Structure formats: C-alpha cells, structure tokens
$ cat start_9.cif   # mmCIF, N, CA and C atoms
data_my_file
loop_
_atom_site.label_atom_id
_atom_site.label_comp_id
_atom_site.auth_asym_id
_atom_site.auth_seq_id
_atom_site.Cartn_x
_atom_site.Cartn_y
_atom_site.Cartn_z
N MET A 645 116.26 129.88 88.52
CA MET A 645 116.85 131.19 88.75
C MET A 645 116.73 131.57 90.22
N SER A 646 116.89 132.84 90.51
CA SER A 646 116.80 133.28 91.89
C SER A 646 115.36 133.63 92.24
N GLU A 647 115.11 133.61 93.52
CA GLU A 647 113.77 133.90 94.03
C GLU A 647 113.53 135.41 94.01
N PRO A 648 112.32 135.84 93.70
CA PRO A 648 112.04 137.27 93.70
C PRO A 648 112.24 137.89 95.09
N ALA A 649 112.72 139.10 95.13
CA ALA A 649 113.04 139.78 96.38
C ALA A 649 111.83 139.95 97.31
N PRO A 650 110.64 140.29 96.81
CA PRO A 650 109.53 140.48 97.75
C PRO A 650 109.23 139.25 98.61
N GLU A 651 109.44 138.04 98.08
CA GLU A 651 109.18 136.84 98.87
C GLU A 651 110.16 136.73 100.03
N ILE A 652 111.39 137.16 99.84
CA ILE A 652 112.37 137.11 100.92
C ILE A 652 111.93 138.03 102.05
N PHE A 653 111.47 139.22 101.70
CA PHE A 653 111.00 140.15 102.72
C PHE A 653 109.75 139.63 103.40
N ASP A 654 108.88 138.97 102.65
CA ASP A 654 107.69 138.36 103.25
C ASP A 654 108.08 137.29 104.26
N ASP A 655 109.06 136.45 103.89
CA ASP A 655 109.53 135.41 104.80
C ASP A 655 110.17 136.01 106.04
N LEU A 656 110.93 137.08 105.86
CA LEU A 656 111.57 137.75 106.99
C LEU A 656 110.52 138.31 107.94
N TYR A 657 109.52 138.97 107.40
CA TYR A 657 108.44 139.53 108.22
C TYR A 657 107.66 138.42 108.92
N LEU A 658 107.41 137.33 108.21
CA LEU A 658 106.72 136.19 108.80
C LEU A 658 107.53 135.64 109.97
N GLY A 659 108.84 135.55 109.80
CA GLY A 659 109.71 135.04 110.87
C GLY A 659 109.70 135.94 112.09
N LEU A 660 109.69 137.25 111.87
CA LEU A 660 109.64 138.18 113.00
C LEU A 660 108.33 138.04 113.76
N ARG A 661 107.24 137.92 113.02
CA ARG A 661 105.94 137.77 113.67
C ARG A 661 105.83 136.44 114.40
N ALA A 662 106.39 135.37 113.79
CA ALA A 662 106.37 134.05 114.43
C ALA A 662 107.21 134.07 115.70
N GLY A 663 108.33 134.77 115.67
CA GLY A 663 109.16 134.88 116.87
C GLY A 663 108.42 135.57 118.00
N GLY A 664 107.69 136.60 117.69
CA GLY A 664 106.89 137.29 118.70
C GLY A 664 105.80 136.39 119.26
N ALA A 665 105.18 135.61 118.39
CA ALA A 665 104.13 134.70 118.85
C ALA A 665 104.72 133.59 119.73
N LEU A 666 105.92 133.11 119.38
CA LEU A 666 106.56 132.08 120.20
C LEU A 666 106.91 132.60 121.59
N ARG A 667 107.42 133.84 121.66
CA ARG A 667 107.72 134.43 122.97
C ARG A 667 106.45 134.56 123.81
N LYS A 668 105.39 134.99 123.16
CA LYS A 668 104.10 135.14 123.86
C LYS A 668 103.62 133.78 124.36
N GLN A 669 103.79 132.75 123.53
CA GLN A 669 103.36 131.40 123.89
C GLN A 669 104.20 130.86 125.06
N ARG A 670 105.50 131.14 125.06
CA ARG A 670 106.36 130.68 126.15
C ARG A 670 105.99 131.33 127.48
N ARG A 671 105.52 132.57 127.42
CA ARG A 671 105.12 133.26 128.65
C ARG A 671 103.77 132.76 129.16
N GLY A 672 103.12 131.89 128.39
CA GLY A 672 101.84 131.33 128.81
C GLY A 672 100.64 132.17 128.41
N GLU A 673 100.86 133.18 127.58
CA GLU A 673 99.75 134.01 127.13
C GLU A 673 98.99 133.30 126.01
N GLU A 674 97.73 133.62 125.90
CA GLU A 674 96.91 133.02 124.86
C GLU A 674 97.19 133.72 123.52
N LEU A 675 97.31 132.91 122.47
CA LEU A 675 97.58 133.45 121.14
C LEU A 675 96.28 133.78 120.42
N THR A 676 96.35 134.81 119.59
CA THR A 676 95.20 135.13 118.74
C THR A 676 95.18 134.15 117.57
N THR A 677 94.08 134.12 116.85
CA THR A 677 93.99 133.22 115.69
C THR A 677 95.02 133.62 114.63
N GLU A 678 95.29 134.91 114.51
CA GLU A 678 96.29 135.37 113.55
C GLU A 678 97.68 134.87 113.93
N GLU A 679 98.00 134.90 115.21
CA GLU A 679 99.31 134.43 115.67
C GLU A 679 99.45 132.92 115.48
N VAL A 680 98.39 132.18 115.70
CA VAL A 680 98.42 130.73 115.47
C VAL A 680 98.67 130.45 113.99
N GLU A 681 98.01 131.22 113.12
CA GLU A 681 98.20 131.05 111.68
C GLU A 681 99.64 131.37 111.28
N VAL A 682 100.19 132.44 111.85
CA VAL A 682 101.58 132.83 111.54
C VAL A 682 102.53 131.71 111.94
N LEU A 683 102.34 131.15 113.13
CA LEU A 683 103.21 130.06 113.58
C LEU A 683 103.11 128.85 112.66
N SER A 684 101.91 128.51 112.25
CA SER A 684 101.76 127.35 111.37
C SER A 684 102.37 127.60 110.00
N ARG A 685 102.24 128.83 109.48
CA ARG A 685 102.87 129.15 108.19
C ARG A 685 104.38 129.09 108.30
N TRP A 686 104.95 129.59 109.41
CA TRP A 686 106.40 129.57 109.60
C TRP A 686 106.90 128.12 109.70
N GLN A 687 106.17 127.28 110.39
CA GLN A 687 106.58 125.89 110.54
C GLN A 687 106.49 125.12 109.23
N ARG A 688 105.61 125.55 108.33
CA ARG A 688 105.47 124.88 107.04
C ARG A 688 106.53 125.31 106.03
N LEU A 689 107.23 126.42 106.29
CA LEU A 689 108.26 126.86 105.37
C LEU A 689 109.38 125.85 105.31
N SER A 690 109.99 125.74 104.15
CA SER A 690 111.12 124.83 104.02
C SER A 690 112.32 125.37 104.80
N MET A 691 113.22 124.48 105.16
CA MET A 691 114.38 124.84 105.97
C MET A 691 115.24 125.88 105.25
N TRP A 692 115.40 125.76 103.92
CA TRP A 692 116.27 126.71 103.23
C TRP A 692 115.66 128.11 103.20
N ARG A 693 114.32 128.20 103.14
CA ARG A 693 113.68 129.53 103.17
C ARG A 693 113.78 130.15 104.55
N LYS A 694 113.65 129.34 105.60
CA LYS A 694 113.85 129.84 106.96
C LYS A 694 115.29 130.33 107.13
N SER A 695 116.24 129.53 106.66
CA SER A 695 117.65 129.89 106.77
C SER A 695 117.96 131.18 106.01
N LEU A 696 117.38 131.32 104.84
CA LEU A 696 117.59 132.53 104.04
C LEU A 696 117.04 133.75 104.76
N ALA A 697 115.85 133.63 105.33
CA ALA A 697 115.24 134.76 106.05
C ALA A 697 116.06 135.13 107.28
N LEU A 698 116.48 134.13 108.06
CA LEU A 698 117.28 134.41 109.25
C LEU A 698 118.65 134.97 108.89
N GLY A 699 119.25 134.45 107.81
CA GLY A 699 120.54 134.97 107.37
C GLY A 699 120.44 136.40 106.89
N ALA A 700 119.38 136.72 106.17
CA ALA A 700 119.19 138.09 105.70
C ALA A 700 119.01 139.04 106.88
N PHE A 701 118.29 138.60 107.89
CA PHE A 701 118.10 139.42 109.08
C PHE A 701 119.43 139.64 109.79
N ALA A 702 120.22 138.57 109.94
CA ALA A 702 121.50 138.67 110.63
C ALA A 702 122.48 139.58 109.89
N ILE A 703 122.56 139.42 108.58
CA ILE A 703 123.47 140.25 107.78
C ILE A 703 123.02 141.70 107.80
N GLY A 704 121.72 141.93 107.70
CA GLY A 704 121.20 143.29 107.74
C GLY A 704 121.46 143.96 109.08
N THR A 705 121.26 143.21 110.15
CA THR A 705 121.50 143.76 111.49
C THR A 705 122.97 144.06 111.69
N PHE A 706 123.84 143.15 111.26
CA PHE A 706 125.28 143.36 111.37
C PHE A 706 125.71 144.57 110.56
N GLY A 707 125.21 144.68 109.34
CA GLY A 707 125.56 145.81 108.47
C GLY A 707 125.11 147.13 109.06
N LEU A 708 123.93 147.16 109.64
CA LEU A 708 123.43 148.37 110.27
C LEU A 708 124.30 148.73 111.47
N GLY A 709 124.68 147.72 112.26
CA GLY A 709 125.53 147.96 113.42
C GLY A 709 126.89 148.51 113.04
N VAL A 710 127.48 147.97 111.98
CA VAL A 710 128.78 148.45 111.52
C VAL A 710 128.66 149.89 111.02
N THR A 711 127.60 150.18 110.30
CA THR A 711 127.41 151.53 109.78
C THR A 711 127.23 152.55 110.90
N VAL A 712 126.36 152.24 111.84
CA VAL A 712 126.12 153.15 112.96
C VAL A 712 127.38 153.27 113.81
N GLY A 713 128.06 152.14 114.05
CA GLY A 713 129.30 152.18 114.82
C GLY A 713 130.36 153.03 114.15
N GLY A 714 130.45 152.95 112.83
CA GLY A 714 131.41 153.78 112.11
C GLY A 714 131.07 155.25 112.21
N LEU A 715 129.80 155.56 112.17
CA LEU A 715 129.39 156.96 112.29
C LEU A 715 129.62 157.50 113.69
N VAL A 716 129.33 156.68 114.69
CA VAL A 716 129.45 157.13 116.07
C VAL A 716 130.89 157.14 116.54
N PHE A 717 131.63 156.07 116.26
CA PHE A 717 132.96 155.93 116.80
C PHE A 717 134.08 156.22 115.80
N GLY A 718 133.72 156.57 114.57
CA GLY A 718 134.73 156.85 113.56
C GLY A 718 135.53 158.10 113.89
N ARG A 719 136.75 158.10 113.43
CA ARG A 719 137.59 159.29 113.66
C ARG A 719 137.08 160.44 112.82
N ARG A 720 137.15 161.56 113.37
CA ARG A 720 136.79 162.77 112.64
C ARG A 720 138.07 163.41 112.13
N ARG A 721 138.13 163.60 110.85
CA ARG A 721 139.32 164.19 110.24
C ARG A 721 139.26 165.70 110.31
N LYS A 722 140.40 166.27 110.52
CA LYS A 722 140.48 167.74 110.47
C LYS A 722 140.72 168.13 109.02
N HIS A 723 139.89 169.01 108.54
CA HIS A 723 140.03 169.46 107.16
C HIS A 723 141.05 170.58 107.12
N ALA A 724 141.94 170.53 106.14
CA ALA A 724 143.01 171.52 106.03
C ALA A 724 142.54 172.85 105.54
#
$ encode --input "start_9.cif" --output "structure tokens"
Amino acid sequence: MSEPAPEIFDDLYLGLRAGGALRKQRRGEELTTEEVEVLSRWQRLSMWRKSLALGAFAIGTFGLGVTVGGLVFGRRRKHA
C-alpha cells in the first residue's frame, strides 16, 4: 500500500536539515555530532524516498508560490 504520511514529512525535514549541514560543511565549518548523524541518515535513505521528499518539497513550494502570486497579482473584481 502507500506509505504513511508522517514518514514523508520526517524524510522532508531530514532532507532540509541535511541540506543545511552540507552547506555548512562546504563552507569549511565544523559539523556537530547531530549534523553528522543527519547527513549519514540522509545518505542511507533509498533513492525513491529521497526523490519523494524532494518532489514533495518542490510541489509544495510551487503551490505556495502560485497561491501567493494569485493573491498578490490577481485581478480584483468590482462588485456590482
């Protein structure tokens, strides 16, 4: 069947934290033990779970952008 929703959110959050740790590592900063653990957990995830988490993030970001854009730039109707 399908995977429970909380695991998808956990994977998404793990990916965000791993991305932050990778940026910190690229800048040459020392990682905390928690950040090292997050990176290792993210690397151990299967490719389809990583893809699902990144896809959910991309779709959510796009949907939020469209919604905000519609509110900000949408035409305002004159009510009769």
$ atom_distance --input "start_9.cif" --atom1 "atom C of A:Ala665" --atom2 "atom CA of A:Arg688"
15.4 Å
$ resolve_selection --input "start_9.cif" --expression "the PyMOL selection byres (((chain A and resi 659 and name CA) around 9) and name CA)" --output "PyMOL selection string"
chain A and resi 654-658+660-664+682-683+686+694+697-698
$ select_by_dssp --input "start_9.cif" --residues "chain A" --states "alpha helix (DSSP H)" --output "count of residues only"
61
$ atom_distance --input "start_9.cif" --atom1 "atom CA of A:Glu681" --atom2 "atom CA of A:Lys668"
14.1 Å
$ atom_distance --input "start_9.cif" --atom1 "atom CA of A:Gln687" --atom2 "atom C of A:Leu708"
28.9 Å
$ residues_around --input "start_9.cif" --residues "A:Ala700" --least-positions-apart "4" --cutoff "10 Å" --atoms "only C-alpha atoms" --output "short mmCIF file (atom, residue, chain, number, x, y, z; two decimals) with N, CA and C atoms, keeping the file's coordinate frame"
data_model
loop_
_atom_site.label_atom_id
_atom_site.label_comp_id
_atom_site.auth_asym_id
_atom_site.auth_seq_id
_atom_site.Cartn_x
_atom_site.Cartn_y
_atom_site.Cartn_z
N ILE A 652 111.39 137.16 99.84
CA ILE A 652 112.37 137.11 100.92
C ILE A 652 111.93 138.03 102.05
N PHE A 653 111.47 139.22 101.70
CA PHE A 653 111.00 140.15 102.72
C PHE A 653 109.75 139.63 103.40
N LEU A 656 110.93 137.08 105.86
CA LEU A 656 111.57 137.75 106.99
C LEU A 656 110.52 138.31 107.94
N LYS A 694 113.65 129.34 105.60
CA LYS A 694 113.85 129.84 106.96
C LYS A 694 115.29 130.33 107.13
N SER A 695 116.24 129.53 106.66
CA SER A 695 117.65 129.89 106.77
C SER A 695 117.96 131.18 106.01
N LEU A 696 117.38 131.32 104.84
CA LEU A 696 117.59 132.53 104.04
C LEU A 696 117.04 133.75 104.76
N GLY A 704 121.72 141.93 107.70
CA GLY A 704 121.20 143.29 107.74
C GLY A 704 121.46 143.96 109.08
N THR A 705 121.26 143.21 110.15
CA THR A 705 121.50 143.76 111.49
C THR A 705 122.97 144.06 111.69
N PHE A 706 123.84 143.15 111.26
CA PHE A 706 125.28 143.36 111.37
C PHE A 706 125.71 144.57 110.56
#
$ decode --input "start_9.cif" --residues "stretch 670-698 of chain A" --atoms "N, CA and C atoms" --output "PDB file, in the first residue's frame"
ATOM      1  N   ARG A 670      30.424  22.600   3.292  1.00  0.00           N
ATOM      2  CA  ARG A 670      31.081  23.204   2.131  1.00  0.00           C
ATOM      3  C   ARG A 670      31.804  24.493   2.492  1.00  0.00           C
ATOM      4  N   ARG A 671      31.261  25.229   3.454  1.00  0.00           N
ATOM      5  CA  ARG A 671      31.907  26.470   3.888  1.00  0.00           C
ATOM      6  C   ARG A 671      33.122  26.200   4.760  1.00  0.00           C
ATOM      7  N   GLY A 672      33.352  24.934   5.105  1.00  0.00           N
ATOM      8  CA  GLY A 672      34.514  24.575   5.906  1.00  0.00           C
ATOM      9  C   GLY A 672      34.268  24.645   7.405  1.00  0.00           C
ATOM     10  N   GLU A 673      33.014  24.824   7.800  1.00  0.00           N
ATOM     11  CA  GLU A 673      32.705  24.880   9.225  1.00  0.00           C
ATOM     12  C   GLU A 673      32.641  23.465   9.791  1.00  0.00           C
ATOM     13  N   GLU A 674      32.924  23.356  11.066  1.00  0.00           N
ATOM     14  CA  GLU A 674      32.877  22.055  11.715  1.00  0.00           C
ATOM     15  C   GLU A 674      31.422  21.686  12.023  1.00  0.00           C
ATOM     16  N   LEU A 675      31.092  20.424  11.763  1.00  0.00           N
ATOM     17  CA  LEU A 675      29.732  19.936  11.999  1.00  0.00           C
ATOM     18  C   LEU A 675      29.598  19.416  13.421  1.00  0.00           C
ATOM     19  N   THR A 676      28.395  19.575  13.961  1.00  0.00           N
ATOM     20  CA  THR A 676      28.104  18.985  15.269  1.00  0.00           C
ATOM     21  C   THR A 676      27.849  17.501  15.080  1.00  0.00           C
ATOM     22  N   THR A 677      27.830  16.755  16.166  1.00  0.00           N
ATOM     23  CA  THR A 677      27.557  15.318  16.069  1.00  0.00           C
ATOM     24  C   THR A 677      26.150  15.074  15.529  1.00  0.00           C
ATOM     25  N   GLU A 678      25.217  15.947  15.880  1.00  0.00           N
ATOM     26  CA  GLU A 678      23.851  15.809  15.373  1.00  0.00           C
ATOM     27  C   GLU A 678      23.812  16.000  13.855  1.00  0.00           C
ATOM     28  N   GLU A 679      24.561  16.965  13.354  1.00  0.00           N
ATOM     29  CA  GLU A 679      24.591  17.212  11.909  1.00  0.00           C
ATOM     30  C   GLU A 679      25.253  16.059  11.160  1.00  0.00           C
ATOM     31  N   VAL A 680      26.285  15.479  11.732  1.00  0.00           N
ATOM     32  CA  VAL A 680      26.932  14.313  11.125  1.00  0.00           C
ATOM     33  C   VAL A 680      25.942  13.157  11.059  1.00  0.00           C
ATOM     34  N   GLU A 681      25.180  12.963  12.133  1.00  0.00           N
ATOM     35  CA  GLU A 681      24.174  11.894  12.154  1.00  0.00           C
ATOM     36  C   GLU A 681      23.098  12.133  11.103  1.00  0.00           C
ATOM     37  N   VAL A 682      22.659  13.382  10.969  1.00  0.00           N
ATOM     38  CA  VAL A 682      21.627  13.715   9.977  1.00  0.00           C
ATOM     39  C   VAL A 682      22.131  13.407   8.576  1.00  0.00           C
ATOM     40  N   LEU A 683      23.368  13.788   8.278  1.00  0.00           N
ATOM     41  CA  LEU A 683      23.934  13.509   6.958  1.00  0.00           C
ATOM     42  C   LEU A 683      24.020  12.012   6.685  1.00  0.00           C
ATOM     43  N   SER A 684      24.433  11.251   7.678  1.00  0.00           N
ATOM     44  CA  SER A 684      24.541   9.804   7.464  1.00  0.00           C
ATOM     45  C   SER A 684      23.169   9.165   7.290  1.00  0.00           C
ATOM     46  N   ARG A 685      22.166   9.645   8.033  1.00  0.00           N
ATOM     47  CA  ARG A 685      20.806   9.111   7.861  1.00  0.00           C
ATOM     48  C   ARG A 685      20.272   9.448   6.480  1.00  0.00           C
ATOM     49  N   TRP A 686      20.529  10.670   5.993  1.00  0.00           N
ATOM     50  CA  TRP A 686      20.051  11.076   4.670  1.00  0.00           C
ATOM     51  C   TRP A 686      20.727  10.233   3.580  1.00  0.00           C
ATOM     52  N   GLN A 687      22.006   9.975   3.733  1.00  0.00           N
ATOM     53  CA  GLN A 687      22.728   9.181   2.738  1.00  0.00           C
ATOM     54  C   GLN A 687      22.278   7.729   2.727  1.00  0.00           C
ATOM     55  N   ARG A 688      21.781   7.236   3.855  1.00  0.00           N
ATOM     56  CA  ARG A 688      21.311   5.850   3.918  1.00  0.00           C
ATOM     57  C   ARG A 688      19.904   5.675   3.360  1.00  0.00           C
ATOM     58  N   LEU A 689      19.164   6.772   3.179  1.00  0.00           N
ATOM     59  CA  LEU A 689      17.819   6.655   2.633  1.00  0.00           C
ATOM     60  C   LEU A 689      17.869   6.131   1.213  1.00  0.00           C
ATOM     61  N   SER A 690      16.856   5.379   0.843  1.00  0.00           N
ATOM     62  CA  SER A 690      16.800   4.878  -0.527  1.00  0.00           C
ATOM     63  C   SER A 690      16.538   6.036  -1.493  1.00  0.00           C
ATOM     64  N   MET A 691      16.914   5.840  -2.739  1.00  0.00           N
ATOM     65  CA  MET A 691      16.780   6.881  -3.750  1.00  0.00           C
ATOM     66  C   MET A 691      15.312   7.286  -3.929  1.00  0.00           C
ATOM     67  N   TRP A 692      14.379   6.327  -3.875  1.00  0.00           N
ATOM     68  CA  TRP A 692      12.979   6.690  -4.103  1.00  0.00           C
ATOM     69  C   TRP A 692      12.423   7.523  -2.949  1.00  0.00           C
ATOM     70  N   ARG A 693      12.910   7.273  -1.718  1.00  0.00           N
ATOM     71  CA  ARG A 693      12.445   8.100  -0.585  1.00  0.00           C
ATOM     72  C   ARG A 693      13.023   9.499  -0.659  1.00  0.00           C
ATOM     73  N   LYS A 694      14.275   9.626  -1.091  1.00  0.00           N
ATOM     74  CA  LYS A 694      14.860  10.949  -1.295  1.00  0.00           C
ATOM     75  C   LYS A 694      14.089  11.693  -2.385  1.00  0.00           C
ATOM     76  N   SER A 695      13.805  11.003  -3.482  1.00  0.00           N
ATOM     77  CA  SER A 695      13.073  11.619  -4.594  1.00  0.00           C
ATOM     78  C   SER A 695      11.682  12.059  -4.164  1.00  0.00           C
ATOM     79  N   LEU A 696      11.021  11.234  -3.380  1.00  0.00           N
ATOM     80  CA  LEU A 696       9.684  11.577  -2.894  1.00  0.00           C
ATOM     81  C   LEU A 696       9.727  12.811  -2.000  1.00  0.00           C
ATOM     82  N   ALA A 697      10.708  12.887  -1.112  1.00  0.00           N
ATOM     83  CA  ALA A 697      10.834  14.041  -0.215  1.00  0.00           C
ATOM     84  C   ALA A 697      11.139  15.312  -1.009  1.00  0.00           C
ATOM     85  N   LEU A 698      12.072  15.228  -1.959  1.00  0.00           N
ATOM     86  CA  LEU A 698      12.414  16.405  -2.760  1.00  0.00           C
ATOM     87  C   LEU A 698      11.251  16.824  -3.657  1.00  0.00           C
TER      88      LEU A 698
END
